[in-house]
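**Q** Below: one structure in structure tokens.
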Amino acid sequence: MTSGISPAAERTTRFHTPVAANTRLRELVARGARVLPLVVDRPTESGLDSDTPPAYGQVGRTGVALDSIDDMRVLLSGIPLDKVSLSLSVDAVAAPLILLYQLVAEEQGVPAERLRGSVRNDVLKEFITPGGTCLFPPAPSMRLTRDVLRYCRTGLPRWDVVSVCGHQLAEAGADPAQEVAFALTNGIAYVRTAAAAGVFVPRLALCLADGGNQAAVLAKFRAARRIWTRAMVEQFGPDRAGRAVLRRRVPSPWGVAAPRTGRPWPRADDSQEIEAAAVTLMDDIEGLGGAVRAVERRFQSTALSADIRPPGLPRVATPGPEAHAAHRRQTERLAKLRAWRVQSAVDDALIRLERAARVDQNVMVPMRSALAASATVGEICETLRGVWGTYPSLPGGR
């Protein structure tokens with residue numbers, strides 16, 4: 001069930017502070033919304049606390065800053081979490097934000113089995129598109145995705161924790177065949193990861209771009225559906241193949257660019273042309289060892305020609321009074337949090353998280369304990385970076 005709120009109204013959930021965002025979410029609920037969209041700011045999305053130097057000028061610019069359980073409490077105050085579904089637009093930092101949502105819901109008396117929501121969490125796409133938030137190298141990123149899938153199977157059974165964002169590949173310059181090939185190989189990698197963790201994915205949300213000639217769009221969707229069905233049956237059998245829920249990417253109220261392509265669309269009446277080109281690309285990726293290995297070798301990002309890839313994120317202009325105020329508010333909130341929390345409990349929980357990250361243990365359990373003890377999202381991510389490392393920047397953008 002959709003929210004029934006216009007895109008322009010939903011757009012205003014992008015507010016600088018948890019307080020302001022909470023006010024807007026309450027307004028949406030009062031008007032009948034049951035799906036609440038939420039976008040976080042760039043520092044949160046990048047696993048940085050608002051009071052760190054790289055966050056200055058970015059706090060609250062493109063979404064709400066969520067540094068800790070304290071911010072999540074404010075954001076969700078008065079929201080009937082057993083009656084709404086949260087749609088969270090994040091990728092690499094999905095794990096701590098999902099856990100913060102669960103912790104606050106439990107404080108409100110809402111059991112995990114009644115919580116509904118979805119999170120984008122398409123980490124492989126972040127390595128392919130310019131400006132992607134890559135917190136860790138590809139292999140540890142997929143390990144974290146595995147842990148999220150395993151944890152949510154029982155911990156948050158009604159949450160959808162992976163969706164494949166083909167439309168963002170198109171926005172980065174992928175032609176229809178590349179969009180289908182890269183999105184589907186990413187999806188296959190997630191299903192394989194889930195299967196290795198003993199988790200069955202009955203369906204996977206696959207969002208493709210809805211730009212260009214509409215007959216050609218339909219041809220692209222038909223090609224994607226055929227390829228996905230065939231791949232799932234061949235790899236997992238007809239009883240456990242699952243299905244892709246194909247979604248169109250409608251024009252965005254967030255100002256996201258329309259799909260950019262350096263190649264002409266195929267003939268509108270021939271989806272087989274897209275299918276053949278996509279399968280060839282998918283075979284090349286499989287020959288490299290699958291989507292993760294191909295990402296490590298930058299096969300997909302290199303395939304998006306430099307002359308059609310949009311530039312990297314623009315440099316932040318000199319911060320104005322609003323940016324100063326947002327930074328000051330969050331810095332003060334973090335200072336109070338650190339003064340009030342029991343630091344020894346935070347330190348112990350982060351040590352357990354580090355140990356779990358070094359071995360084959362699910363990091364979601366110690367991560368939850370650390371967040372409950374008021375560890376910040378930045379501290380969680382910094383602990384994992386210390387074990388897993390970071391991903392080197394791509395030339396000219398990330």
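All residue names refer to the structure tokens as shown: chains lettered A, B, ... in order, residues numbered from 1 in each chain, ligands numbered from 1 in order.
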Would you pick out the contacts of segment 40-48 of chain A at 7 Å or less, using only C-alpha atoms, so that residues sharing its chain but fewer than 3 positions from it are not included, and give the list as a JSON list (two decimals) with C-alpha atoms, in the first residue's frame?
**A**
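Saved file selection_9.json follows:
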[["chain", "number", "residue", "atom", "x", "y", "z"],
["A", 52, "THR", "CA", 33.91, 14.87, 12.45],
["A", 55, "ALA", "CA", 31.12, 16.11, 7.83],
["A", 58, "GLN", "CA", 27.26, 18.37, 4.82],
["A", 59, "VAL", "CA", 25.28, 17.82, 8.04],
["A", 60, "GLY", "CA", 21.59, 17.81, 7.22],
["A", 61, "ARG", "CA", 22.08, 19.06, 3.66],
["A", 62, "THR", "CA", 20.42, 16.19, 1.79],
["A", 63, "GLY", "CA", 18.55, 14.40, 4.56],
["A", 64, "VAL", "CA", 18.33, 13.89, 8.28],
["A", 65, "ALA", "CA", 21.41, 13.33, 10.42],
["A", 66, "LEU", "CA", 21.18, 10.09, 12.42],
["A", 67, "ASP", "CA", 24.24, 9.70, 14.59],
["A", 90, "VAL", "CA", 20.66, 3.97, 2.33],
["A", 93, "VAL", "CA", 25.25, 2.01, 6.34],
["A", 133, "THR", "CA", 29.38, 5.54, -0.62],
["A", 135, "LEU", "CA", 32.53, 2.10, 3.40],
["A", 377, "VAL", "CA", 27.04, 5.13, 13.84],
["A", 378, "GLY", "CA", 30.46, 6.63, 13.10],
["A", 381, "CYS", "CA", 31.73, 2.05, 11.06]]
**Q** Among segment 103-233 of chain A, which ones does DSSP place in strand (DSSP E or B), written as a list in words?
**A**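 These are the residues in question: Arg116, Gly117, Ser118, Val119, Trp159, Asp160, Ser163, Val164, Cys165, Arg203, Leu204, Ala205, Leu206, Cys207, Leu208 and Ala209 of chain A.
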**Q** When DSSP works through the backbone of this structure, what residues of segment 328-371 of chain A end up as helix (DSSP H, G or I), shown as a ChimeraX atom specification?
**A** /A:328-340,343-358,364-371
**Q** What does the file look like for those residues with C-alpha atoms, as a compact mmCIF listing (two decimals), in the first residue's frame?
**A**
# COMPACT_ATOMS: atom_id res chain seq x y z
CA ARG A 328 26.30 22.96 15.81
CA ARG A 329 23.06 21.22 16.82
CA GLN A 330 24.36 17.76 16.03
CA THR A 331 27.73 18.43 17.60
CA GLU A 332 26.02 19.49 20.83
CA ARG A 333 23.79 16.41 20.79
CA LEU A 334 26.80 14.15 20.36
CA ALA A 335 28.70 15.88 23.15
CA LYS A 336 25.76 15.32 25.52
CA LEU A 337 25.44 11.70 24.43
CA ARG A 338 29.09 10.99 25.12
CA ALA A 339 28.90 12.73 28.50
CA TRP A 340 25.85 10.75 29.63
CA GLN A 343 31.83 4.72 28.24
CA SER A 344 33.12 1.40 29.57
CA ALA A 345 30.00 -0.34 28.24
CA VAL A 346 30.49 1.29 24.83
CA ASP A 347 34.16 0.28 24.75
CA ASP A 348 33.41 -3.32 25.69
CA ALA A 349 30.68 -3.57 23.05
CA LEU A 350 32.94 -2.15 20.33
CA ILE A 351 35.66 -4.64 21.29
CA ARG A 352 33.16 -7.49 20.85
CA LEU A 353 32.16 -6.03 17.47
CA GLU A 354 35.79 -5.91 16.38
CA ARG A 355 36.34 -9.53 17.43
CA ALA A 356 33.26 -10.68 15.52
CA ALA A 357 34.44 -8.81 12.42
CA ARG A 358 37.81 -10.61 12.53
CA MET A 364 24.87 -7.68 13.78
CA VAL A 365 24.60 -9.08 17.31
CA PRO A 366 27.53 -7.17 18.88
CA MET A 367 26.64 -4.16 16.72
CA ARG A 368 23.19 -4.11 18.26
CA SER A 369 24.71 -4.22 21.76
CA ALA A 370 27.04 -1.35 20.94
CA LEU A 371 24.24 0.81 19.55
**Q** Nearest to Trp159 of chain A among A:Leu124, A:Ala205, A:Leu86, A:Val279, with distances taken over only C-alpha atoms: which residue is it?
**A**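 Using only C-alpha atoms, the shortest distance to Trp159 of chain A belongs to A:Leu86.
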**Q** So, counting only C-alpha atoms, which residue among A:Trp228, A:Phe236, A:Phe127, A:Phe299 is closest to Leu184 of chain A?
**A**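 Result for the nearest residue to Leu184 of chain A: A:Trp228.
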**Q** So that I can check the surroundings of segment 144-148 of chain A, please list as a VMD selection string every protein, DNA and RNA residue that reaches within 10 Å of it, counting only C-alpha atoms and ignoring chain neighbours fewer than 2 positions away.
**A** chain A and resid 91 to 96 98 to 99 121 to 123 136 138 to 142 150 to 153 155 to 156 161 to 162 190 to 199 357 360 to 365 384
